[in-house]
$ cat start.cif   # mmCIF, C-alpha atoms
data_structure
loop_
_atom_site.label_atom_id
_atom_site.label_comp_id
_atom_site.auth_asym_id
_atom_site.auth_seq_id
_atom_site.Cartn_x
_atom_site.Cartn_y
_atom_site.Cartn_z
CA MET B 1 -11.13 164.48 116.61
CA TYR B 2 -9.12 161.48 117.81
CA ARG B 3 -11.29 158.99 115.91
CA ASP B 4 -10.93 160.93 112.66
CA ILE B 5 -7.16 161.33 112.97
CA ALA B 6 -6.81 157.59 113.58
CA LYS B 7 -8.42 156.97 110.17
CA LEU B 8 -5.81 158.93 108.22
CA VAL B 9 -3.93 156.74 105.74
CA LEU B 10 -1.55 158.79 103.58
CA TYR B 11 -1.07 161.63 106.05
CA ARG B 12 -0.77 159.55 109.19
CA ASN B 13 3.03 159.71 109.46
CA LEU B 14 2.85 162.88 111.53
CA GLY B 15 4.90 161.60 114.43
CA GLU B 16 3.59 160.82 117.90
CA ASP B 17 4.98 164.10 119.20
CA SER B 18 3.25 166.25 116.57
CA ILE B 19 0.74 168.87 117.70
CA LEU B 20 -2.10 167.12 115.91
CA MET B 21 -1.36 163.76 117.53
CA LYS B 22 -0.99 165.35 120.95
CA LEU B 23 -4.31 167.18 120.58
CA SER B 24 -5.90 163.94 119.41
CA GLY B 25 -4.79 162.26 122.65
CA ILE B 26 -6.09 165.20 124.69
CA PHE B 27 -9.52 165.04 123.06
CA GLU B 28 -9.63 161.28 123.54
CA GLU B 29 -8.90 161.83 127.23
CA PHE B 30 -11.62 164.51 127.37
CA ALA B 31 -14.17 162.23 125.71
CA GLY B 32 -13.39 159.44 128.20
CA GLY B 33 -14.31 161.72 131.09
CA GLY B 34 -11.75 160.42 133.57
CA TYR B 35 -9.47 163.43 133.56
CA GLU B 36 -8.21 166.01 136.02
CA LYS B 37 -9.28 169.43 134.76
CA PRO B 38 -6.08 171.37 135.68
CA GLU B 39 -3.89 168.66 134.18
CA LEU B 40 -5.86 168.54 130.92
CA VAL B 41 -5.89 172.33 130.62
CA SER B 42 -2.12 172.35 131.10
CA LYS B 43 -1.71 169.80 128.30
CA ILE B 44 -3.85 171.94 125.99
CA TYR B 45 -1.85 175.07 126.76
CA ASP B 46 1.36 173.18 125.91
CA GLN B 47 0.04 172.52 122.40
CA ILE B 48 -1.39 176.01 122.01
CA LYS B 49 2.08 177.38 122.76
CA ARG B 50 3.56 175.13 120.11
CA ILE B 51 1.03 176.43 117.56
CA LEU B 52 1.92 179.99 118.55
CA ASP B 53 5.64 179.23 118.21
CA ILE B 54 5.16 177.86 114.67
CA SER B 55 2.92 180.79 113.78
CA THR B 56 5.52 183.27 114.98
CA SER B 57 8.29 181.53 113.03
CA TYR B 58 6.30 181.65 109.79
CA GLY B 59 4.30 184.82 110.30
CA PHE B 60 0.86 183.13 110.33
CA ASP B 61 -2.21 185.28 111.01
CA LYS B 62 -5.99 185.19 111.43
CA ASN B 63 -6.86 181.49 111.86
CA LEU B 64 -3.75 179.82 113.25
CA TRP B 65 -5.51 176.44 113.47
CA HIS B 66 -6.25 176.47 109.75
CA ASN B 67 -2.72 177.70 109.01
CA TYR B 68 -1.27 174.81 111.00
CA LEU B 69 -3.43 172.22 109.21
CA SER B 70 -2.50 173.72 105.83
CA PHE B 71 1.16 173.62 106.82
CA ILE B 72 0.81 169.87 107.46
CA LEU B 73 -0.79 169.27 104.07
CA ILE B 74 1.92 171.06 102.08
CA THR B 75 4.89 169.78 104.06
CA ASN B 76 3.96 166.13 104.65
CA GLU B 77 6.12 163.95 102.42
CA ASN B 78 4.24 160.73 101.68
CA SER B 79 3.77 158.43 98.70
CA PHE B 80 0.93 160.53 97.31
CA SER B 81 2.33 164.02 97.83
CA MET B 82 5.75 163.12 96.44
CA THR B 83 4.18 161.50 93.37
CA CYS B 84 2.32 164.78 92.73
CA GLU B 85 5.47 166.85 93.28
CA LYS B 86 5.99 169.26 90.34
CA VAL B 87 3.72 167.16 88.07
CA GLY B 88 0.33 167.23 89.81
CA ALA B 89 -2.19 164.43 90.32
CA ASN B 90 -2.66 161.52 87.94
CA ASP B 91 -5.49 159.01 87.76
CA GLY B 92 -5.03 156.16 90.19
CA THR B 93 -6.51 154.29 93.14
CA VAL B 94 -4.33 156.27 95.53
CA ASN B 95 -6.51 159.31 94.83
CA ASN B 96 -9.35 157.60 96.73
CA PHE B 97 -7.16 157.37 99.84
CA ALA B 98 -6.10 160.98 99.40
CA LYS B 99 -9.67 162.21 99.16
CA ALA B 100 -10.61 160.19 102.24
CA ASP B 101 -7.80 161.91 104.13
CA PHE B 102 -8.85 165.32 102.79
CA LYS B 103 -12.39 164.63 104.03
CA ILE B 104 -10.91 164.19 107.51
CA PHE B 105 -8.94 167.41 107.17
CA LYS B 106 -12.16 169.16 106.13
CA LYS B 107 -13.69 168.00 109.44
CA LEU B 108 -10.63 169.26 111.29
CA PHE B 109 -10.93 172.63 109.55
CA ASP B 110 -14.57 172.88 110.63
CA PHE B 111 -14.03 171.42 114.11
CA ASP B 112 -16.14 173.01 116.87
CA PHE B 113 -14.02 173.66 119.95
CA SER B 114 -16.88 175.20 121.97
CA GLU B 115 -17.69 172.01 123.89
CA ILE B 116 -14.23 171.52 125.36
CA GLU B 117 -13.81 175.26 125.99
CA GLU B 118 -17.06 175.42 127.95
CA ALA B 119 -16.30 172.27 129.93
CA LEU B 120 -12.79 173.41 130.88
CA ASP B 121 -13.60 177.13 131.11
CA ILE B 122 -10.96 178.13 128.55
CA ASP B 123 -10.99 180.25 125.37
CA CYS B 124 -7.59 179.51 123.83
CA PHE B 125 -9.00 177.75 120.76
CA SER B 126 -11.31 180.68 120.04
CA THR B 127 -8.33 182.99 120.41
CA ILE B 128 -6.06 181.21 117.92
CA THR B 129 -8.87 180.89 115.36
CA ASN B 130 -9.42 184.66 115.46
CA TYR B 131 -5.86 185.83 115.82
CA LYS B 132 -4.27 189.18 115.01
CA ALA B 133 -0.51 188.83 114.70
CA ILE B 134 1.83 191.61 115.73
CA GLY B 135 3.44 193.19 112.69
CA LYS B 136 7.10 192.33 112.31
CA LYS B 137 9.89 192.79 109.83
CA GLU B 138 10.17 190.23 107.03
CA GLN B 139 13.64 189.26 108.25
CA MET B 140 12.08 187.84 111.42
CA TYR B 141 10.09 185.13 109.63
CA ASN B 142 9.96 183.18 106.39
CA LYS B 143 7.73 185.39 104.25
CA ASN B 144 7.86 182.98 101.30
CA VAL B 145 6.39 180.15 103.39
CA SER B 146 3.96 182.41 105.24
CA GLU B 147 2.32 183.69 102.07
CA LYS B 148 1.89 180.23 100.57
CA VAL B 149 0.47 178.67 103.75
CA GLN B 150 -2.02 181.46 104.31
CA LYS B 151 -3.12 181.42 100.66
CA ILE B 152 -3.85 177.70 100.65
CA SER B 153 -5.46 177.99 104.09
CA CYS B 154 -7.95 180.55 102.78
CA ALA B 155 -8.67 178.39 99.74
CA ILE B 156 -9.41 175.29 101.85
CA GLU B 157 -11.66 177.36 104.13
CA GLN B 158 -13.84 178.06 101.09
CA ALA B 159 -13.77 174.47 99.79
CA ALA B 160 -17.12 172.69 99.77
CA ASP B 161 -15.79 169.15 100.11
CA GLU B 162 -12.80 166.85 99.82
CA ASN B 163 -12.89 166.97 96.00
CA GLU B 164 -12.22 170.69 96.00
CA ILE B 165 -9.51 170.25 98.63
CA PHE B 166 -7.95 167.56 96.43
CA ASP B 167 -7.71 170.04 93.54
CA ILE B 168 -6.34 172.82 95.77
CA VAL B 169 -3.64 170.68 97.35
CA THR B 170 -2.53 168.84 94.21
CA ASP B 171 -2.39 172.11 92.28
CA PHE B 172 -0.05 173.38 94.99
CA TYR B 173 2.11 170.25 94.74
CA ARG B 174 2.35 170.72 90.98
CA ALA B 175 3.27 174.40 91.27
CA TYR B 176 5.73 174.26 94.17
CA GLY B 177 6.29 170.69 95.31
CA VAL B 178 5.98 169.29 98.80
CA GLY B 179 7.83 169.50 102.09
CA MET B 180 10.73 171.79 102.76
CA PHE B 181 11.94 171.56 99.15
CA GLY B 182 8.54 172.80 97.98
CA LEU B 183 8.46 175.80 100.28
CA ASN B 184 12.07 176.96 100.47
CA LYS B 185 14.57 178.17 97.89
CA ALA B 186 17.85 177.40 99.57
CA PHE B 187 19.34 175.09 102.19
CA ARG B 188 22.40 174.30 104.22
CA ILE B 189 23.31 170.87 105.51
CA THR B 190 24.06 169.85 109.07
CA ARG B 191 24.58 166.67 111.02
CA GLU B 192 22.37 166.08 114.04
CA HIS B 193 23.10 162.94 116.03
CA GLY B 194 25.04 161.58 113.07
CA ASN B 195 22.18 162.09 110.56
CA LEU B 196 22.51 164.41 107.60
CA GLU B 197 19.75 167.04 107.55
CA PHE B 198 18.77 169.89 105.23
CA VAL B 199 18.20 173.19 107.00
CA PRO B 200 16.19 175.85 105.10
CA ILE B 201 17.78 179.26 104.67
CA ASN B 202 14.72 181.32 105.49
CA ASN B 203 15.82 184.81 104.52
CA THR B 204 17.67 184.73 101.25
CA GLU B 205 18.56 188.09 99.70
CA ASP B 206 15.91 189.19 97.20
CA VAL B 207 18.35 190.20 94.49
CA ARG B 208 17.76 189.87 90.74
CA LEU B 209 20.16 189.76 87.82
CA ASP B 210 18.98 193.22 86.73
CA ASP B 211 20.26 194.54 90.06
CA ILE B 212 23.81 193.67 88.98
CA ILE B 213 24.94 196.55 86.82
CA GLY B 214 27.35 195.63 84.05
CA TYR B 215 28.83 192.15 83.49
CA GLU B 216 26.21 191.46 80.81
CA ILE B 217 28.30 188.80 79.02
CA GLN B 218 28.96 186.99 82.30
CA LYS B 219 25.28 187.08 83.30
CA LYS B 220 24.19 185.75 79.92
CA LYS B 221 26.60 182.81 80.11
CA ILE B 222 25.34 181.69 83.54
CA THR B 223 21.72 182.36 82.57
CA ASP B 224 21.97 180.31 79.37
CA ASN B 225 23.49 177.42 81.30
CA THR B 226 20.86 177.59 84.05
CA GLU B 227 18.03 177.96 81.55
CA ALA B 228 19.13 174.75 79.84
CA PHE B 229 19.38 173.01 83.21
CA VAL B 230 15.85 173.84 84.40
CA GLU B 231 14.48 172.80 81.00
CA GLY B 232 16.10 169.39 81.36
CA LYS B 233 18.66 169.96 78.62
CA LYS B 234 22.38 169.30 78.76
CA SER B 235 24.21 171.79 80.97
CA ASN B 236 27.52 172.19 82.77
CA ASN B 237 28.92 172.76 86.22
CA ALA B 238 29.97 176.40 86.48
CA LEU B 239 32.84 178.24 88.12
CA LEU B 240 32.63 182.01 88.58
CA PHE B 241 36.13 183.30 89.32
CA GLY B 242 37.87 186.64 89.53
CA ASP B 243 38.44 189.66 91.71
CA SER B 244 36.64 190.00 95.02
CA GLY B 245 33.58 192.22 95.21
CA THR B 246 32.72 191.90 91.53
CA GLY B 247 29.33 190.18 91.94
CA LYS B 248 30.09 186.47 91.68
CA SER B 249 28.13 185.45 94.78
CA THR B 250 25.39 187.97 94.04
CA THR B 251 24.93 186.41 90.61
CA ILE B 252 24.37 182.99 92.17
CA LYS B 253 21.87 184.44 94.66
CA ALA B 254 20.03 186.10 91.79
CA ILE B 255 19.88 182.83 89.86
CA ILE B 256 17.94 181.05 92.61
CA ASN B 257 15.46 183.93 92.84
CA GLU B 258 14.97 183.97 89.07
CA TYR B 259 14.33 180.24 88.71
CA TYR B 260 12.73 179.17 92.01
CA ASP B 261 9.23 179.12 90.49
CA ARG B 262 10.51 176.75 87.81
CA GLY B 263 11.65 174.15 90.31
CA LEU B 264 15.23 175.26 90.97
CA ARG B 265 16.57 174.79 94.50
CA MET B 266 20.00 175.52 95.95
CA ILE B 267 22.05 173.73 98.59
CA GLU B 268 25.00 175.61 100.05
CA ILE B 269 27.89 173.40 101.11
CA TYR B 270 31.10 174.41 102.84
CA LYS B 271 34.53 172.97 102.23
CA HIS B 272 34.63 170.92 105.45
CA GLN B 273 31.39 169.20 104.35
CA PHE B 274 32.67 167.86 101.03
CA GLN B 275 32.89 164.35 102.43
CA ASP B 276 29.07 164.46 102.67
CA LEU B 277 28.60 165.38 99.01
CA ALA B 278 27.85 161.86 97.84
CA GLN B 279 25.17 161.42 100.51
CA VAL B 280 23.62 164.80 99.73
CA ILE B 281 23.28 163.85 96.09
CA SER B 282 21.80 160.45 96.96
CA LEU B 283 19.08 162.21 98.99
CA ILE B 284 18.03 164.59 96.21
CA LYS B 285 18.57 162.63 93.01
CA ASN B 286 15.02 161.20 92.91
CA ARG B 287 13.19 164.45 93.72
CA ASN B 288 11.35 166.35 91.01
CA TYR B 289 13.44 169.50 91.36
CA ARG B 290 16.61 170.83 89.83
CA PHE B 291 19.32 171.32 92.45
CA ILE B 292 22.36 173.57 92.32
CA ILE B 293 24.98 172.66 94.90
CA TYR B 294 26.59 176.00 95.68
CA MET B 295 30.13 176.46 96.96
CA ASP B 296 31.04 180.04 97.78
CA ASP B 297 34.60 181.37 97.85
CA LEU B 298 36.02 177.99 96.92
CA SER B 299 39.77 177.64 97.36
CA PHE B 300 42.25 175.16 98.76
CA GLU B 301 45.67 175.54 100.27
CA GLU B 302 48.47 173.13 99.41
CA PHE B 303 47.86 170.92 102.44
CA GLU B 304 44.08 170.63 102.00
CA ILE B 305 42.79 167.51 100.26
CA GLU B 306 39.00 168.03 100.47
CA TYR B 307 39.01 168.87 96.76
CA LYS B 308 39.45 165.16 96.03
CA TYR B 309 35.89 164.51 97.30
CA LEU B 310 34.65 167.20 94.93
CA LYS B 311 36.55 165.77 91.97
CA ALA B 312 35.07 162.33 92.55
CA VAL B 313 31.51 163.67 92.73
CA ILE B 314 31.77 165.92 89.68
CA GLU B 315 33.40 163.35 87.45
CA GLY B 316 35.43 160.31 88.14
CA GLY B 317 33.49 158.21 90.64
CA LEU B 318 31.69 155.01 89.70
CA GLU B 319 28.25 156.59 90.18
CA ILE B 320 27.50 159.34 87.68
CA LYS B 321 26.15 162.67 88.88
CA PRO B 322 22.34 162.68 88.36
CA ASP B 323 20.77 164.91 85.73
CA ASN B 324 18.94 167.05 88.31
CA VAL B 325 22.14 168.21 90.05
CA LEU B 326 24.69 170.84 89.02
CA ILE B 327 27.57 172.39 90.93
CA TYR B 328 28.10 176.15 90.90
CA ALA B 329 31.13 177.60 92.66
CA THR B 330 32.71 181.00 93.12
CA SER B 331 36.40 181.58 93.72
CA ASN B 332 38.95 184.37 93.70
CA ARG B 333 41.42 181.88 92.21
CA ARG B 334 41.27 180.83 88.58
CA HIS B 335 42.54 177.34 89.40
CA ILE B 336 40.93 177.12 92.85
CA ILE B 337 43.87 175.25 94.40
CA LYS B 338 46.90 177.26 95.43
CA GLU B 339 49.86 176.73 93.12
CA THR B 340 53.49 177.12 94.13
CA TRP B 341 56.74 177.33 92.16
CA SER B 342 57.69 173.93 93.48
CA ASP B 343 54.74 172.46 91.55
CA ARG B 344 56.56 173.44 88.36
CA ASN B 345 59.90 171.79 89.14
CA ASP B 346 59.31 168.90 86.77
CA VAL B 347 57.42 170.81 84.09
CA GLU B 348 58.31 170.00 80.52
CA ASN B 349 57.34 172.91 78.35
CA ARG B 350 56.31 171.58 74.99
CA ASN B 351 53.90 173.69 72.93
CA GLY B 352 52.86 175.43 76.16
CA MET B 353 51.55 172.24 77.77
CA HIS B 354 52.07 171.53 81.50
CA LYS B 355 53.45 168.04 82.02
CA SER B 356 53.98 168.21 85.77
CA ASP B 357 52.02 165.56 87.66
CA THR B 358 51.50 167.98 90.51
CA MET B 359 50.23 170.69 88.20
CA GLN B 360 47.90 168.30 86.40
CA GLU B 361 46.49 167.09 89.71
CA LYS B 362 45.66 170.64 90.70
CA LEU B 363 44.33 171.71 87.32
CA SER B 364 42.13 168.62 87.02
CA LEU B 365 39.56 170.08 89.43
CA VAL B 366 38.93 173.31 87.54
CA ASN B 367 38.80 171.36 84.27
CA ARG B 368 35.71 169.57 85.59
CA PHE B 369 33.74 172.83 85.40
CA GLY B 370 32.38 173.05 81.87
CA VAL B 371 31.52 176.74 82.21
CA THR B 372 34.12 179.12 83.63
CA ILE B 373 33.21 182.81 83.85
CA ASN B 374 35.64 185.59 84.66
CA TYR B 375 34.50 188.53 86.82
CA SER B 376 37.24 191.14 86.56
CA LYS B 377 37.58 194.33 88.55
CA PRO B 378 35.76 197.16 86.73
CA SER B 379 37.58 200.06 85.16
CA GLN B 380 37.16 203.54 86.60
CA LYS B 381 34.54 204.31 83.96
CA GLU B 382 32.66 201.07 84.66
CA TYR B 383 32.83 201.78 88.38
CA PHE B 384 31.17 205.17 87.86
CA GLN B 385 28.48 203.52 85.71
CA ILE B 386 27.76 201.04 88.50
CA VAL B 387 27.57 203.86 91.06
CA LYS B 388 25.23 205.87 88.85
CA GLY B 389 22.97 202.88 88.21
CA LEU B 390 22.77 201.99 91.90
CA ALA B 391 22.06 205.61 92.79
CA GLN B 392 19.12 205.67 90.38
CA LYS B 393 17.75 202.40 91.77
CA ASN B 394 17.93 203.82 95.29
CA GLY B 395 16.37 207.16 94.45
CA ILE B 396 19.54 209.15 95.17
CA GLU B 397 19.59 212.41 93.20
CA LEU B 398 23.02 213.99 92.87
CA GLU B 399 24.74 215.68 89.97
CA ASP B 400 27.00 213.21 88.17
CA GLU B 401 30.09 215.28 88.85
CA LYS B 402 29.47 215.39 92.61
CA LEU B 403 28.38 211.74 92.71
CA PHE B 404 31.51 210.56 90.90
CA LEU B 405 33.79 212.75 92.98
CA GLU B 406 32.44 211.33 96.22
CA ALA B 407 32.46 207.79 94.79
CA ASN B 408 36.12 208.23 93.90
CA GLN B 409 36.99 209.46 97.39
CA TRP B 410 35.06 206.55 98.88
CA GLU B 411 36.85 203.84 96.91
CA LEU B 412 40.26 205.31 97.72
CA ALA B 413 39.49 204.93 101.42
CA HIS B 414 37.53 201.67 101.26
CA GLY B 415 39.42 198.98 99.42
CA GLY B 416 39.53 200.13 95.83
CA ILE B 417 37.27 199.84 92.80
CA SER B 418 34.66 197.04 92.79
CA GLY B 419 30.94 196.49 92.59
CA ARG B 420 30.91 195.82 96.33
CA THR B 421 32.61 199.14 97.03
CA ALA B 422 30.02 200.88 94.85
CA GLN B 423 27.17 199.25 96.77
CA GLN B 424 28.72 200.19 100.10
CA PHE B 425 29.08 203.79 98.90
CA ILE B 426 25.42 203.91 97.87
CA ASN B 427 24.38 202.42 101.23
CA TYR B 428 26.35 205.22 102.88
CA LEU B 429 24.67 207.91 100.78
CA ALA B 430 21.22 206.44 101.41
CA GLY B 431 21.89 206.67 105.13
CA VAL B 432 23.06 210.29 105.19
CA LEU B 433 20.91 211.98 102.54
#
$ encode --input "start.cif" --output "structure tokens"
Amino acid sequence: MYRDIAKLVLYRNLGEDSILMKLSGIFEEFAGGGYEKPELVSKIYDQIKRILDISTSYGFDKNLWHNYLSFILITNENSFSMTCEKVGANDGTVNNFAKADFKIFKKLFDFDFSEIEEALDIDCFSTITNYKAIGKKEQMYNKNVSEKVQKISCAIEQAADENEIFDIVTDFYRAYGVGMFGLNKAFRITREHGNLEFVPINNTEDVRLDDIIGYEIQKKKITDNTEAFVEGKKSNNALLFGDSGTGKSTTIKAIINEYYDRGLRMIEIYKHQFQDLAQVISLIKNRNYRFIIYMDDLSFEEFEIEYKYLKAVIEGGLEIKPDNVLIYATSNRRHIIKETWSDRNDVENRNGMHKSDTMQEKLSLVNRFGVTINYSKPSQKEYFQIVKGLAQKNGIELEDEKLFLEANQWELAHGGISGRTAQQFINYLAGVL
């Protein structure tokens, strides 16, 4: 094993602390013969635990060794894999290096652990290659990643040689991409030891635009804009504003689910992180994906100045925003930044135009969103239509008169008419009926 791993070229940047590199060192020590059996067994168990931890996180099953190797192949960002990202393989000399590496991975897939197990009187490798995972709820692991890893793992198991593995892996890169951006739909950012990192959001809500009842004009406007974006056409930053509970955030969540398979990814950023916006964009601008930077419930008080970072990134800085990045935001405020009467002290009203410097400063941010979509509170009739539609989707059978009567009583006691109130009412009914 250790000799083969040392020959990797494109996929060698695994890190000295990776499971594969650690196991390589263990097998080298075993081959040398000068080892203490208890110490070597302990080292093996350390790596077996790490494989089990990864497998639990991603819901791997059956052959955990193959799942782990497949996970490496589809997450390793190197010159070859990133070139194939969303476009697939092209002719070139680098393919020879890739196939040589895949030949090594084929050996690792077929590796016989019986010799070391017999010598050390252990069976842990046999156990993880014939594993039956405990069933668990989808919320406990990343189902999206799990399904893809296990599918490609099964395909490589059946591959005859490195040429077939080459086709399997590069087809995956073309379809989904590579690394965390290839496997995950959405991300947050964090700073660890001063370095900016993307953290996958593993359990995004599986909501679709059809699940949002009503607001057809609003949904069409954001869909048309997003459709143009993923097709590489001209598109605009979008602001969804209006009353709370009307489906603004749900619409954005639905967008990422609708367009993930077409290369759309989403990065959620909070107000206190706006100073990192420029760096975030610099890290994603050369990737073969379309990124929506998502800002939920965006608003600023008078004393907050973070919006200036956002203005500079959207439009106004020396470096233009790349074509593969859009900004989508939701807000309960039409103009995002809180306005006061004092802002209007020096307003000159001429043909309805605001001339106040303060007003113009605050309005200049919202004017940078080319698409603005209003989500207003539904009428009583629209509220009942939403309730009825949600009841049908959830298999709740009640006469309309009784359903609407109870829905009316619910909204009077729970914050008034809104799509959110309707959903909460349906959740209540689903729990008691």
$ atom_distance --input "start.cif" --atom1 "atom CA of Gly395 of chain B" --atom2 "atom CA of Asp210 of chain B"
16.1 Å
$ resolve_selection --input "start.cif" --expression "the PyMOL selection byres ((chain B and resi 110-125) around 12)" --output "ChimeraX atom specification"
/B:1-2,4,23,26-31,33,35-49,51-52,63-66,69,103-109,126-131,156-161
$ resolve_selection --input "start.cif" --expression "the PyMOL selection byres ((chain B and resi 243) around 6)" --output "ChimeraX atom specification"
/B:242,244,332,376-377
$ write_last_selection --input "start.cif" --atoms "C-alpha atoms" --output "compact mmCIF listing (two decimals), in the frame of the given file"
# COMPACT_ATOMS: atom_id res chain seq x y z
CA GLY B 242 37.87 186.64 89.53
CA SER B 244 36.64 190.00 95.02
CA ASN B 332 38.95 184.37 93.70
CA SER B 376 37.24 191.14 86.56
CA LYS B 377 37.58 194.33 88.55
$ atom_distance --input "start.cif" --atom1 "atom CA of Ala175 of chain B" --atom2 "atom CA of Gly232 of chain B"
17.0 Å
$ closest_atom_pairs --input "start.cif" --of "segment 196-285 of chain B" --to "segment 368-374 of chain B" --cutoff "6 Å" --atoms "only C-alpha atoms" --output "Markdown table"
| residue | atom | partner | partner_atom | distance |
| --- | --- | --- | --- | --- |
| B:Asn236 | CA | B:Gly370 | CA | 5.0 |
| B:Asn237 | CA | B:Phe369 | CA | 4.9 |
| B:Ala238 | CA | B:Val371 | CA | 4.6 |
| B:Leu239 | CA | B:Thr372 | CA | 4.8 |
| B:Leu240 | CA | B:Ile373 | CA | 4.8 |
| B:Phe241 | CA | B:Asn374 | CA | 5.2 |
| B:Gly242 | CA | B:Asn374 | CA | 5.5 |
$ residues_near_point --input "start.cif" --point "(5.5, 160.0, 98.0)" --cutoff "12 Å" --atoms "only C-alpha atoms" --output "list in words"
Leu10, Tyr11, Asn13, Thr75, Asn76, Glu77, Asn78, Ser79, Phe80, Ser81, Met82, Thr83, Cys84, Glu85, Ala89, Val94, Ala98, Tyr173, Gly177, Val178, Gly179, Asn286, Arg287 and Asn288 of chain B
$ atom_distance --input "start.cif" --atom1 "atom CA of Asp224 of chain B" --atom2 "atom CA of Ile255 of chain B"
11.0 Å
$ closest_residue --input "start.cif" --among "B:Arg333, B:Lys132, B:Lys285, B:Lys22" --to "Ile5 of chain B" --atoms "only C-alpha atoms"
B:Lys22
$ closest_residue --input "start.cif" --among "B:Ile292, B:Ile281, B:Ile54, B:Ile217" --to "Lys321 of chain B" --atoms "all atoms listed in the file"
B:Ile281
$ closest_residue --input "start.cif" --among "B:Thr251, B:Ser379, B:Ser55, B:Ser18" --to "Thr226 of chain B" --atoms "all atoms listed in the file"
B:Thr251
$ decode --input "start.cif" --residues "segment 208-213 of chain B" --atoms "all heavy atoms" --output "CSV table (one decimal), in the first residue's frame"
chain,number,residue,atom,x,y,z
B,208,ARG,N,-39.6,23.3,-2.5
B,208,ARG,CA,-39.7,23.7,-4.0
B,208,ARG,C,-40.6,24.8,-4.2
B,208,ARG,O,-41.5,25.1,-3.3
B,208,ARG,CB,-40.2,22.5,-4.8
B,208,ARG,CG,-39.3,21.2,-4.6
B,208,ARG,CD,-38.0,21.3,-5.4
B,208,ARG,NE,-37.1,20.2,-5.1
B,208,ARG,CZ,-36.0,20.0,-5.7
B,208,ARG,NH1,-35.6,20.8,-6.8
B,208,ARG,NH2,-35.2,19.0,-5.4
B,209,LEU,N,-40.5,25.5,-5.3
B,209,LEU,CA,-41.3,26.7,-5.6
B,209,LEU,C,-42.8,26.3,-5.6
B,209,LEU,O,-43.6,27.1,-5.2
B,209,LEU,CB,-40.9,27.3,-6.9
B,209,LEU,CG,-39.5,28.1,-6.9
B,209,LEU,CD1,-39.1,28.4,-8.3
B,209,LEU,CD2,-39.6,29.3,-6.0
B,210,ASP,N,-43.1,25.1,-6.0
B,210,ASP,CA,-44.5,24.7,-6.1
B,210,ASP,C,-45.1,24.5,-4.7
B,210,ASP,O,-46.3,24.5,-4.5
B,210,ASP,CB,-44.6,23.3,-6.8
B,210,ASP,CG,-44.4,23.5,-8.3
B,210,ASP,OD1,-44.5,24.6,-8.8
B,210,ASP,OD2,-44.2,22.5,-9.0
B,211,ASP,N,-44.2,24.4,-3.6
B,211,ASP,CA,-44.7,24.3,-2.3
B,211,ASP,C,-45.2,25.7,-1.7
B,211,ASP,O,-45.9,25.7,-0.7
B,211,ASP,CB,-43.6,23.8,-1.4
B,211,ASP,CG,-43.2,22.4,-1.7
B,211,ASP,OD1,-44.1,21.6,-2.2
B,211,ASP,OD2,-42.0,22.0,-1.6
B,212,ILE,N,-44.8,26.7,-2.4
B,212,ILE,CA,-45.2,28.1,-2.0
B,212,ILE,C,-46.5,28.4,-2.8
B,212,ILE,O,-46.5,28.6,-4.0
B,212,ILE,CB,-44.1,29.1,-2.3
B,212,ILE,CG1,-42.8,28.7,-1.7
B,212,ILE,CG2,-44.6,30.5,-1.9
B,212,ILE,CD1,-41.6,29.6,-2.1
B,213,ILE,N,-47.6,28.5,-2.0
B,213,ILE,CA,-48.9,28.7,-2.7
B,213,ILE,C,-49.1,30.1,-2.8
B,213,ILE,O,-49.0,30.9,-1.9
B,213,ILE,CB,-50.0,28.0,-1.8
B,213,ILE,CG1,-49.7,26.5,-1.7
B,213,ILE,CG2,-51.4,28.3,-2.4
B,213,ILE,CD1,-50.6,25.7,-0.8
